[in-house]
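Participant: Quick one: this structure, given as structure tokens, is what I'll be asking you about.
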Amino acid sequence: MSVVADRQQSQEVVGEAARRRTFAVISHPDAGKSTLTEALALHAAAITSAGAVHGKGERKGVTSDWMEMEQARGISITSAALRIDYGDCVLNLLDTPGHADFSEDTYRVLSAVDCAIMLLDSAKGLESQTLKLFEVCRARRVPVITFVNKWDRPGREPLELLDEVEQRIGLRPAPLNWPVGIAGDFRGLVDRATGRYTKLYRTPGGATRAVEEDIDPEQAGEVEGQEWVQATEELDLLGEIGAHFEEESFLAGESSPVLFGAALPNFGISSLLNTLVDLAPAPGDKPDAHGGARPVSAPFSGQVFKMQANMDKAHRDRMAFLRIASGRFDRGMVLTHGATGRPFATKYTQAVFGSERSTVEDAYPGDVIALVNANALSVGDTLYTGPKVEFPAIPSFAPEHFAVCRAKDASRYKQFQRGIAQLDAEGVVQVLSSEVRGEQAPVLAAVGPLQFDVVTDRMAQEFNAPIELAHLDYTLARRTDATCAPAAHALSGAEVLKRRADGELLVLIHNKYRLRVIKRDNPDLVLEPLLAGGTE
Ligand code: GDP
């Protein structure tokens, strides 16, 4: 490519990156993530009517066994990226699988986003799964926008909810808007920056845009009466305590802009979209594994953050989801696979929109592409053009489910070993072993129990080595070191195993009460929490 063309392309890439926002919603099941996803897409006019995004129960083209499993459970295993065009912006919403399919993938998605929306149910506040996901955001310094949902239903006081966020997770809340009327008697929202009051009217069924009407704040008092007085008092209080938005602390993951609304009747969704556009960071230079950073304008590079197997029963294919870090992706380009140095052809690359897939022609930093025939790729792998690029590995997360795994048929031990090693390398599950248990009976460790189902199925179907799993009564893992390992091993109600992938020594412990006793009785023992889920 000529120097001029090269410069033009990098300018184009910088421009395209600047208009992208790549984010995920972190929430507890039932807080309204699917509803919010639809509402965002609806408001942004990417879909014509609510219900077309997740389409629970009406999925078409069910061909693979994963999808059968998915249907049987009524959950979504296919973690997709939804592209929402909004004004000049491209919003890439990455799905964080929840419910029963909560797994390491859920956490890994957070390594591929630049921002997260923490979705709270106004009646419930912070819930367990939200807390775990928030911890991953905090560890990775992902900025968090808070959306307090279901304001159309009876819930808690707004100030009380903000207080909970600040007290429990130390995230300083900065409300951008403020509700008029208590949860359940929602009248409208005041924009704190402009003082503008938007009155909201419910639309039947909530399937279309909520009717929003701007009312002069001078007249709002007459219209809303006592509710307006209370909101004004609370707004004054917020001003006094200085709960203002601050960009620096938001980007550092220390404070969070807060919005109130209700996804189902589409209340306050446009404020959320505008906040994403105005405040969420665009894809920036990505730190590499050697202390440098890869500018978005550099030649193409990206990192695999999720693998998905068996999309098609006939092909036993694996698909890799890659987030682009730099450069422009053109379908058909031949990339280099960092781990092997081998070329990787991208003829059949797909963009994933909801449950639909379509071939992608070009894509830019912040976009997610799905690479088919990706059998050689693993989570964390880098693909690039030009000189070698290495990004930091995607960390493994704290497992909470453990099971001993054995080959059902001892004569298939070779296949068993090969399969377990492959699934470990792909990051489907963490494989632990110890001399006591022996190589033939590794312990599988998972963030969510569905990971075990995936292993069981793939070991039988793909590696022809059916397995038996015996669940272990541990719920916690802590990292220790070689000096402490013998002492940790001698503890009752605990066991030390080595993680094969990185050689870390993990102490498995029954539960948090046992952990507390162990810590009390052995204050010098090294027992470091792992990333996320390390709730004590
Ligand atoms: P998810 O599990 O987080 O994806 O939650 P869903 O989007 O499936 O929502 C869970 C339930 O809450 C459903 O019955 C929704 O209709 C309901 N819901 C979601 N958002 C709202 C809201 O803003 N107001 C009310 N009243 N219900 C909501």
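Ordering of the structure tokens sets the chain letters (A, B, ...), residue numbers begin anew at 1 in every chain, and ligands are numbered from 1 in the order given.
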Could you list the protein, DNA and RNA residues that have any atom within 10 Å of ligand 1, counting only C-alpha atoms and all ligand atoms, and write them as a PyMOL selection string?

Facilitator: chain A and resi 25-39+54+56+75+97-99+119-122+148-154+184+206+260-268

Participant: Go ahead and write the selection's residues with N, CA and C atoms as a compact mmCIF listing (two decimals), in the first residue's frame.

Facilitator:
# COMPACT_ATOMS: atom_id res chain seq x y z
N VAL A 25 -23.91 -5.33 29.48
CA VAL A 25 -24.80 -5.05 30.61
C VAL A 25 -24.48 -6.07 31.69
N ILE A 26 -24.18 -5.61 32.90
CA ILE A 26 -23.97 -6.56 34.00
C ILE A 26 -25.17 -6.47 34.93
N SER A 27 -25.73 -7.62 35.23
CA SER A 27 -26.94 -7.61 36.07
C SER A 27 -27.17 -8.99 36.66
N HIS A 28 -28.11 -9.06 37.56
CA HIS A 28 -28.55 -10.31 38.15
C HIS A 28 -29.73 -10.80 37.29
N PRO A 29 -29.92 -12.13 37.15
CA PRO A 29 -31.08 -12.59 36.39
C PRO A 29 -32.37 -11.89 36.84
N ASP A 30 -33.19 -11.54 35.86
CA ASP A 30 -34.50 -10.90 36.10
C ASP A 30 -34.46 -9.40 36.36
N ALA A 31 -33.27 -8.82 36.36
CA ALA A 31 -33.22 -7.37 36.56
C ALA A 31 -33.73 -6.63 35.33
N GLY A 32 -33.75 -7.35 34.18
CA GLY A 32 -34.30 -6.73 32.97
C GLY A 32 -33.31 -6.55 31.83
N LYS A 33 -32.26 -7.39 31.81
CA LYS A 33 -31.24 -7.22 30.77
C LYS A 33 -31.79 -7.41 29.36
N SER A 34 -32.59 -8.47 29.17
CA SER A 34 -33.15 -8.71 27.82
C SER A 34 -34.09 -7.58 27.44
N THR A 35 -34.90 -7.16 28.40
CA THR A 35 -35.85 -6.07 28.14
C THR A 35 -35.10 -4.78 27.78
N LEU A 36 -34.02 -4.53 28.52
CA LEU A 36 -33.25 -3.32 28.25
C LEU A 36 -32.57 -3.39 26.87
N THR A 37 -32.06 -4.57 26.55
CA THR A 37 -31.42 -4.74 25.24
C THR A 37 -32.40 -4.41 24.12
N GLU A 38 -33.61 -4.94 24.27
CA GLU A 38 -34.65 -4.65 23.28
C GLU A 38 -34.98 -3.17 23.24
N ALA A 39 -35.10 -2.59 24.42
CA ALA A 39 -35.47 -1.17 24.49
C ALA A 39 -34.39 -0.31 23.83
N HIS A 54 -34.09 -11.11 21.45
CA HIS A 54 -33.71 -12.38 22.06
C HIS A 54 -34.62 -13.51 21.63
N LYS A 56 -36.85 -15.43 22.72
CA LYS A 56 -36.89 -16.67 23.50
C LYS A 56 -37.99 -17.57 22.97
N ILE A 75 -32.50 -21.17 27.71
CA ILE A 75 -31.50 -20.14 27.99
C ILE A 75 -30.67 -19.90 26.74
N PRO A 97 -23.60 -13.90 29.14
CA PRO A 97 -24.54 -14.97 29.47
C PRO A 97 -24.80 -15.03 30.98
N GLY A 98 -26.05 -15.24 31.33
CA GLY A 98 -26.40 -15.26 32.75
C GLY A 98 -27.16 -16.51 33.10
N HIS A 99 -28.00 -16.46 34.08
CA HIS A 99 -28.84 -17.59 34.49
C HIS A 99 -27.99 -18.84 34.66
N LEU A 119 -26.96 -2.82 35.69
CA LEU A 119 -28.42 -2.72 35.70
C LEU A 119 -28.95 -3.21 37.04
N LEU A 120 -29.66 -2.33 37.75
CA LEU A 120 -30.20 -2.71 39.06
C LEU A 120 -31.73 -2.69 39.01
N ASP A 121 -32.30 -3.65 39.69
CA ASP A 121 -33.75 -3.67 39.88
C ASP A 121 -34.04 -2.70 41.03
N SER A 122 -34.93 -1.75 40.81
CA SER A 122 -35.13 -0.70 41.82
C SER A 122 -35.61 -1.25 43.16
N VAL A 148 -30.83 2.32 37.02
CA VAL A 148 -31.77 1.77 38.00
C VAL A 148 -33.09 1.52 37.26
N ASN A 149 -33.41 0.25 37.11
CA ASN A 149 -34.53 -0.16 36.26
C ASN A 149 -35.81 -0.41 37.07
N LYS A 150 -36.91 -0.57 36.35
CA LYS A 150 -38.22 -0.92 36.92
C LYS A 150 -38.77 0.19 37.81
N TRP A 151 -38.50 1.42 37.45
CA TRP A 151 -38.97 2.53 38.27
C TRP A 151 -40.49 2.69 38.19
N ASP A 152 -41.10 1.98 37.24
CA ASP A 152 -42.56 2.03 37.14
C ASP A 152 -43.23 1.15 38.19
N ARG A 153 -42.38 0.39 38.94
CA ARG A 153 -42.96 -0.50 39.95
C ARG A 153 -42.55 -0.04 41.33
N PRO A 154 -43.28 -0.46 42.36
CA PRO A 154 -42.85 -0.08 43.70
C PRO A 154 -41.42 -0.57 43.96
N GLY A 184 -42.93 3.23 41.30
CA GLY A 184 -44.32 2.78 41.32
C GLY A 184 -45.28 3.91 40.97
N GLY A 206 -46.16 -1.13 26.13
CA GLY A 206 -44.75 -0.75 26.15
C GLY A 206 -44.00 -1.14 24.89
N PHE A 260 -31.98 6.80 36.11
CA PHE A 260 -33.17 6.09 36.54
C PHE A 260 -34.07 5.88 35.33
N GLY A 261 -34.84 4.78 35.35
CA GLY A 261 -35.74 4.55 34.23
C GLY A 261 -36.46 3.22 34.36
N ALA A 262 -37.09 2.83 33.29
CA ALA A 262 -37.80 1.56 33.25
C ALA A 262 -37.75 1.03 31.82
N ALA A 263 -37.09 -0.12 31.69
CA ALA A 263 -36.87 -0.65 30.34
C ALA A 263 -38.17 -1.10 29.69
N LEU A 264 -39.05 -1.72 30.47
CA LEU A 264 -40.25 -2.32 29.87
C LEU A 264 -41.15 -1.26 29.20
N PRO A 265 -41.51 -0.20 29.93
CA PRO A 265 -42.29 0.84 29.22
C PRO A 265 -41.41 1.87 28.49
N ASN A 266 -40.14 1.57 28.33
CA ASN A 266 -39.23 2.47 27.60
C ASN A 266 -39.10 3.86 28.22
N PHE A 267 -38.98 3.90 29.51
CA PHE A 267 -38.77 5.18 30.19
C PHE A 267 -37.28 5.43 30.39
N GLY A 268 -36.83 6.56 29.95
CA GLY A 268 -35.45 6.95 30.22
C GLY A 268 -34.41 6.23 29.38

Participant: According to DSSP computed on the backbone, where in range 188-318 of chain A is there strand (DSSP E or B)? Give the residues as an MDAnalysis selection string.

Facilitator: chainID A and resid 188:191 197:201 211:215 255:260 262 267 286:287 293:294 301:309 318

Participant: Find the residues around Ser326 in chain A up to 6 Å (only C-alpha atoms counted), leave out those fewer than 2 positions away in its own chain, and share them as a PyMOL selection string.

Facilitator: chain A and resi 296-298+300-301+324+365

Participant: Using the selection just defined, write its residues with N, CA and C atoms as a CSV table (one decimal), in the first residue's frame.

Facilitator:
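New file result_26.csv:
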chain,number,residue,atom,x,y,z
A,296,VAL,N,-5.0,2.3,17.9
A,296,VAL,CA,-6.1,1.8,17.0
A,296,VAL,C,-5.8,1.9,15.5
A,297,SER,N,-4.9,2.9,15.2
A,297,SER,CA,-4.6,3.1,13.8
A,297,SER,C,-3.5,2.1,13.2
A,298,ALA,N,-2.9,1.3,14.1
A,298,ALA,CA,-1.9,0.3,13.7
A,298,ALA,C,-2.6,-0.7,12.8
A,300,PHE,N,-4.0,-4.3,11.3
A,300,PHE,CA,-5.1,-5.1,12.0
A,300,PHE,C,-4.5,-5.9,13.1
A,301,SER,N,-5.2,-5.9,14.3
A,301,SER,CA,-4.9,-6.9,15.3
A,301,SER,C,-6.2,-7.0,16.2
A,324,ILE,N,-11.8,-6.6,17.8
A,324,ILE,CA,-10.7,-5.9,17.0
A,324,ILE,C,-10.1,-4.8,17.9
A,365,PRO,N,-11.9,-1.2,15.0
A,365,PRO,CA,-11.7,-1.4,16.4
A,365,PRO,C,-12.9,-1.2,17.2

Participant: Excluding Gly181 in chain A and any residue of its chain fewer than 4 positions from it, enumerate the residues within 8 Å of it, using only C-alpha atoms, and give them as JSON, numbers by chain.

Facilitator: {"A": [185, 186, 187, 188, 227, 228, 231]}

Participant: Interatomic distance between CA of Thr22 in chain A and CA of Leu91 in chain A?

Facilitator: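 Distance reported for this atom pair: 6.0 Å.
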
Participant: I need the residue nearest Pro143 in chain A from this list: A:Asp95, A:Asp163, A:Glu248, A:Leu189. Use only C-alpha atoms for the distance.

Facilitator: A:Glu248

Participant: Among the residues of range 227-452 of chain A, find those DSSP assigns to helix (DSSP H, G or I) from the backbone and print them as a ChimeraX atom specification.

Facilitator: /A:227-241,247-251,269-279,410-426,450-452

Participant: Do you know which residues are at most 12 Å from Cys484 in chain A counting only C-alpha atoms, after dropping those on the same chain fewer than 6 positions away, and could you put them as a list in words?

Facilitator: Arg478, Ala490, Leu491, Val496, Leu505, Leu506, Val507, Asn522, Pro523, Asp524, Leu525, Val526, Leu527 and Glu528 of chain A

Participant: Quick one: residues within 9 Å of Phe134 in chain A, only C-alpha atoms counted, chain neighbours fewer than 3 positions away excluded, as a PyMOL selection string?

Facilitator: chain A and resi 26-27+116+118+129-131+137-139+144+169+532

Participant: May I ask which of the residues A:Ala123, A:Ala425, A:Leu259, A:Val142 is the closest one to Arg192 in chain A, counting only C-alpha atoms?

Facilitator: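 So, comparing all the options, the nearest one is A:Leu259.
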